[in-house]
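Heads up, query_35.tsv below (TSV, C-alpha atoms):
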chain	number	residue	atom	x	y	z
A	157	MET	CA	-99.93	88.02	-62.30
A	158	PRO	CA	-101.28	90.68	-64.65
A	159	HIS	CA	-101.07	94.17	-63.47
A	160	HIS	CA	-102.53	97.43	-64.50
A	161	GLY	CA	-101.25	100.89	-64.32
A	162	ASN	CA	-97.80	102.32	-64.50
A	163	GLU	CA	-94.88	99.81	-64.75
A	164	GLU	CA	-92.59	102.05	-62.74
A	165	GLU	CA	-94.99	101.84	-59.85
A	166	HIS	CA	-95.01	98.07	-60.04
A	167	THR	CA	-91.22	97.93	-60.24
A	168	SER	CA	-90.67	100.19	-57.29
A	169	THR	CA	-93.22	98.22	-55.38
A	170	ASP	CA	-91.34	94.93	-56.07
A	171	GLN	CA	-87.98	96.40	-55.07
A	172	SER	CA	-89.37	97.77	-51.85
A	173	ARG	CA	-90.86	94.37	-51.14
A	174	HIS	CA	-87.49	92.69	-51.68
A	175	ASN	CA	-85.73	95.25	-49.55
A	176	ASP	CA	-88.12	94.62	-46.73
A	177	GLU	CA	-87.25	90.88	-46.70
A	178	PRO	CA	-84.59	89.87	-44.07
A	179	VAL	CA	-81.05	89.03	-45.36
A	180	ILE	CA	-79.41	85.94	-43.83
A	181	ARG	CA	-75.55	85.70	-43.96
A	182	ASP	CA	-73.69	82.42	-43.31
A	183	ASN	CA	-70.52	83.36	-41.37
A	184	ARG	CA	-69.47	79.82	-40.60
A	185	LYS	CA	-65.75	79.23	-41.29
A	186	VAL	CA	-66.30	75.61	-42.33
A	187	ASP	CA	-68.61	74.68	-45.14
A	188	PRO	CA	-71.16	72.22	-43.68
A	189	VAL	CA	-71.52	70.46	-47.06
A	190	THR	CA	-67.89	70.05	-48.23
A	191	GLY	CA	-66.15	70.28	-44.85
A	192	GLN	CA	-63.55	72.67	-46.26
A	193	ALA	CA	-62.46	75.96	-44.73
A	194	ARG	CA	-64.10	79.03	-46.07
A	195	HIS	CA	-62.20	82.20	-46.91
A	196	PRO	CA	-63.33	85.69	-46.28
A	197	GLU	CA	-65.21	87.36	-49.06
A	198	GLY	CA	-62.96	89.12	-51.49
A	199	GLY	CA	-59.90	87.36	-50.05
A	200	HIS	CA	-57.54	85.06	-51.85
A	201	SER	CA	-56.50	81.64	-50.74
A	202	ALA	CA	-53.18	81.59	-48.86
A	203	PRO	CA	-50.33	80.22	-50.92
A	204	ASP	CA	-48.85	76.90	-50.04
A	205	ALA	CA	-46.06	77.23	-47.44
A	206	GLY	CA	-43.52	75.25	-49.45
A	207	THR	CA	-44.21	77.04	-52.69
A	208	GLY	CA	-44.11	80.43	-51.06
A	209	SER	CA	-40.83	79.79	-49.26
A	210	ALA	CA	-39.24	78.36	-52.41
A	211	SER	CA	-40.25	81.33	-54.53
A	212	ALA	CA	-39.15	83.72	-51.81
A	213	SER	CA	-35.73	82.02	-51.54
A	214	GLN	CA	-35.34	82.11	-55.33
A	215	ASP	CA	-36.12	85.81	-55.38
A	216	ALA	CA	-33.68	86.39	-52.54
A	217	ASP	CA	-30.95	84.39	-54.32
A	218	GLY	CA	-31.53	86.26	-57.53
A	219	ASP	CA	-31.30	89.58	-55.75
A	220	ALA	CA	-28.13	88.48	-53.91
A	221	LEU	CA	-26.47	87.31	-57.13
A	222	ALA	CA	-27.37	90.46	-58.91
A	223	GLN	CA	-25.98	92.56	-56.08
A	224	ALA	CA	-22.76	90.50	-56.00
A	225	GLU	CA	-22.28	90.85	-59.76
A	226	GLU	CA	-22.85	94.57	-59.53
A	227	ILE	CA	-20.30	94.91	-56.72
A	228	LEU	CA	-17.70	92.85	-58.61
A	229	ASN	CA	-18.17	94.87	-61.74
A	230	ARG	CA	-17.51	98.05	-59.81
A	231	VAL	CA	-14.30	96.74	-58.17
A	232	GLU	CA	-11.08	97.54	-60.01
A	233	VAL	CA	-8.41	94.81	-59.83
A	234	PRO	CA	-4.76	96.05	-59.91
A	235	ALA	CA	-2.66	94.94	-62.86
A	236	GLU	CA	-0.14	93.04	-60.71
A	237	GLU	CA	-2.97	90.98	-59.19
A	238	SER	CA	-4.59	90.13	-62.50
A	239	VAL	CA	-1.98	87.46	-63.34
A	240	ALA	CA	-3.55	84.14	-64.12
A	241	GLN	CA	-3.56	81.58	-61.32
A	242	GLY	CA	-0.50	79.32	-61.49
A	243	ALA	CA	1.63	81.92	-63.27
A	244	ALA	CA	4.29	83.92	-61.47
A	245	PRO	CA	6.43	86.91	-62.31
A	246	ALA	CA	9.73	86.23	-64.06
A	247	GLY	CA	11.86	87.01	-61.00
A	248	SER	CA	9.79	84.76	-58.72
A	249	ALA	CA	9.82	81.91	-61.26
A	250	SER	CA	13.60	82.05	-61.67
A	251	ALA	CA	14.11	82.11	-57.90
A	252	GLU	CA	11.82	79.13	-57.46
A	253	ALA	CA	13.59	77.26	-60.27
A	254	ALA	CA	16.98	77.95	-58.66
A	255	GLU	CA	15.70	76.72	-55.30
A	256	LEU	CA	14.31	73.54	-56.86
A	257	ARG	CA	17.61	72.96	-58.67
A	258	ASN	CA	19.55	73.34	-55.43
A	259	ASP	CA	17.20	70.91	-53.71
A	260	LEU	CA	17.67	68.44	-56.54
A	261	LEU	CA	21.46	68.73	-56.39
A	262	ARG	CA	21.44	68.29	-52.63
A	263	LEU	CA	19.17	65.26	-52.93
A	264	GLN	CA	21.42	63.77	-55.62
A	265	ALA	CA	24.51	64.29	-53.44
A	266	GLU	CA	22.79	62.66	-50.48
A	267	TYR	CA	21.81	59.69	-52.65
A	268	VAL	CA	25.36	59.30	-54.00
A	269	ASN	CA	26.80	59.39	-50.48
A	270	TYR	CA	24.20	56.92	-49.28
A	271	ARG	CA	24.97	54.54	-52.14
A	272	LYS	CA	28.72	54.75	-51.47
A	273	ARG	CA	28.16	54.13	-47.78
A	274	VAL	CA	25.95	51.13	-48.49
A	275	GLU	CA	28.49	49.66	-50.92
A	276	ARG	CA	31.31	50.24	-48.43
A	277	ASP	CA	29.34	48.64	-45.60
A	278	ARG	CA	28.46	45.71	-47.85
A	279	ALA	CA	32.11	45.20	-48.78
A	280	VAL	CA	33.17	45.39	-45.13
A	281	ALA	CA	30.45	42.93	-44.12
A	282	GLY	CA	31.58	40.48	-46.83
A	283	GLU	CA	35.22	40.84	-45.80
A	284	MET	CA	34.39	40.25	-42.15
A	285	ALA	CA	32.42	37.14	-43.07
A	286	VAL	CA	35.38	35.74	-44.99
A	287	ILE	CA	37.76	36.57	-42.14
A	288	GLY	CA	35.48	34.81	-39.68
A	289	VAL	CA	35.53	31.64	-41.79
A	290	LEU	CA	39.31	31.79	-42.23
A	291	ASN	CA	39.89	32.26	-38.49
A	292	SER	CA	37.75	29.24	-37.76
A	293	LEU	CA	39.89	27.12	-40.16
A	294	LEU	CA	43.29	28.17	-38.75
A	295	PRO	CA	43.39	25.31	-36.18
A	296	VAL	CA	42.70	22.86	-39.02
A	297	LEU	CA	45.63	24.28	-40.96
A	298	ASP	CA	47.83	23.93	-37.87
A	299	ASP	CA	46.94	20.22	-37.70
A	300	VAL	CA	47.74	19.86	-41.41
A	301	ASP	CA	51.17	21.47	-40.86
A	302	ALA	CA	51.88	19.23	-37.87
A	303	ALA	CA	50.93	16.12	-39.86
A	304	ARG	CA	53.10	17.24	-42.78
A	305	GLN	CA	56.10	17.80	-40.50
A	306	HIS	CA	55.70	14.31	-39.06
A	307	GLY	CA	55.50	12.79	-42.53
A	308	ASP	CA	51.85	11.75	-42.31
A	309	LEU	CA	50.90	13.78	-45.42
A	310	ALA	CA	53.76	12.82	-47.66
A	311	ASP	CA	51.45	10.84	-49.92
A	312	GLY	CA	47.95	9.43	-50.02
A	313	PRO	CA	44.39	10.74	-50.19
A	314	PHE	CA	44.68	12.90	-47.07
A	315	ALA	CA	47.63	14.75	-48.61
A	316	ALA	CA	45.49	15.52	-51.68
A	317	ILE	CA	42.64	16.76	-49.48
A	318	ALA	CA	45.00	19.01	-47.51
A	319	ASN	CA	46.40	20.50	-50.72
A	320	LYS	CA	42.91	21.19	-52.08
A	321	LEU	CA	41.91	22.90	-48.82
A	322	GLU	CA	44.98	25.15	-48.83
A	323	ASN	CA	44.51	26.06	-52.50
A	324	ALA	CA	40.84	26.85	-51.93
A	325	LEU	CA	41.67	29.16	-49.04
A	326	LYS	CA	44.25	30.97	-51.15
A	327	THR	CA	41.48	32.08	-53.48
A	328	TYR	CA	40.04	34.07	-50.54
A	329	GLY	CA	43.35	35.91	-50.07
A	330	LEU	CA	44.79	33.71	-47.31
A	331	THR	CA	48.59	33.76	-47.28
A	332	ARG	CA	50.99	32.06	-44.92
A	333	ILE	CA	53.62	33.86	-42.80
A	334	ASP	CA	56.45	31.30	-42.43
A	335	GLU	CA	59.55	32.84	-43.95
A	336	THR	CA	62.88	32.58	-42.15
A	337	GLY	CA	65.98	34.74	-42.51
A	338	VAL	CA	63.89	37.91	-42.80
A	339	GLU	CA	64.00	40.91	-40.55
A	340	PHE	CA	61.84	40.65	-37.48
A	341	ASP	CA	58.60	42.62	-37.88
A	342	PRO	CA	56.52	42.99	-34.70
A	343	THR	CA	53.38	43.55	-36.77
A	344	ILE	CA	53.50	40.02	-38.23
A	345	HIS	CA	55.87	38.18	-35.90
A	346	GLU	CA	55.55	37.16	-32.29
A	347	ALA	CA	58.97	36.54	-30.72
A	348	LEU	CA	58.89	33.64	-28.28
A	349	ILE	CA	62.63	33.11	-27.95
A	350	GLN	CA	65.63	35.36	-28.58
A	351	GLN	CA	69.07	33.92	-29.32
A	352	PRO	CA	72.32	35.65	-30.11
A	353	GLY	CA	73.31	35.23	-33.69
A	354	GLU	CA	76.55	35.45	-35.63
A	355	ASP	CA	77.18	37.85	-38.49
A	356	ILE	CA	73.82	39.65	-38.14
A	357	GLU	CA	73.23	43.31	-37.66
A	358	VAL	CA	69.46	43.39	-37.01
A	359	ASP	CA	66.96	41.11	-35.33
A	360	THR	CA	66.29	38.26	-37.73
A	361	VAL	CA	63.78	35.40	-37.75
A	362	SER	CA	65.79	32.24	-37.40
A	363	GLN	CA	62.98	29.70	-36.96
A	364	VAL	CA	59.15	29.60	-37.24
A	365	LEU	CA	57.44	27.67	-34.47
A	366	ARG	CA	53.91	28.26	-35.69
A	367	SER	CA	52.95	29.77	-39.00
A	368	GLY	CA	51.05	33.01	-39.15
A	369	TYR	CA	48.34	34.00	-41.64
A	370	LYS	CA	46.99	37.14	-43.18
A	371	SER	CA	44.19	37.96	-45.58
A	372	GLY	CA	45.20	40.75	-47.90
A	373	ASP	CA	46.69	43.44	-45.68
A	374	ARG	CA	44.89	42.23	-42.54
A	375	VAL	CA	46.95	40.01	-40.22
A	376	LEU	CA	44.80	37.17	-38.94
A	377	ARG	CA	47.46	35.72	-36.70
A	378	ALA	CA	51.08	36.63	-36.11
A	379	ALA	CA	53.72	33.96	-36.63
A	380	GLN	CA	55.42	32.62	-33.51
A	381	VAL	CA	59.14	32.71	-34.16
A	382	ILE	CA	62.62	32.46	-32.68
A	383	VAL	CA	64.57	35.68	-33.17
A	384	ALA	CA	68.34	35.88	-33.63
A	385	VAL	CA	69.71	39.10	-32.19
A	386	PRO	CA	73.17	40.64	-32.75
A	387	ALA	CA	75.77	39.31	-30.28
Now that the file is in, can you turn its structure into structure tokens?
Amino acid sequence: MPHHGNEEEHTSTDQSRHNDEPVIRDNRKVDPVTGQARHPEGGHSAPDAGTGSASASQDADGDALAQAEEILNRVEVPAEESVAQGAAPAGSASAEAAELRNDLLRLQAEYVNYRKRVERDRAVAGEMAVIGVLNSLLPVLDDVDAARQHGDLADGPFAAIANKLENALKTYGLTRIDETGVEFDPTIHEALIQQPGEDIEVDTVSQVLRSGYKSGDRVLRAAQVIVAVPA
């Protein structure tokens, strides 16, 4: 509306009128329109919990790393401890090499002994297997000798079979003990009968009652003989 007079008077009058009007403050913590929480005037919204903790942990890690680097830089490492990992002083390396060499030599010796023992055991096992077979065939050879003495193997197919069997067994080292006129040897002869003999000075085999056999140096069965002794 138009006014007359001094403007300062009108201005002061308007201000005093505004000052006299009551001031209404809304202190509600929740906005009735948006439904969101209100913050105090002049305050700042609280940071998100996750973001704040992450940034705080990053700052803490950075400070810890920086402190660790600073400590390490201030530590002086002795010269003898500054050798690269995996390397060793000359004396230690030579001692370790000597120890490894001794271990290798000992292992090689053990292997050589083991191989010799295995080969020896294998040879003994093979020899025992052959001896077992030969011992089982000795009664058959006794029957062949008895048939030959009675003239049943003078000729014919059975005589050929007996000869082949004896020749085959010879290839396995089987030899017969059936000599007469030799000195009596208790290691290969079994004396069944003793008879006084003429013109002899030592005990002598005069007759073989049953042949003996041996395989190499091993006696499978001693020969049963009649021994002539000095009169």
Taking (54.6, 23.6, -39.9) in the coordinates of the supplied file, I want to know which residues reach to within 12 Å of it, counting all atoms listed in the file; could you give the answer as a PyMOL selection string? chain A and resi 295-307+309+332-335+363-368+379-381
Coordinates of box centre and edge lengths for segment 250-267 of chain A, 4 Å on every side, axis-aligned, as JSON:
{"center_x": 18.2, "center_y": 70.9, "center_z": -56.1, "size_x": 20.7, "size_y": 30.4, "size_z": 19.2}
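Atom CA of Asp341 of chain A to atom CA of Ser371 of chain A spans 17.0 Å [interatomic distance, one decimal].
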Tell me which of A:Tyr369, A:Ile382, A:Lys320, A:Ile349 sits closest to Gly337 of chain A, counting all atoms listed in the file. A:Ile382
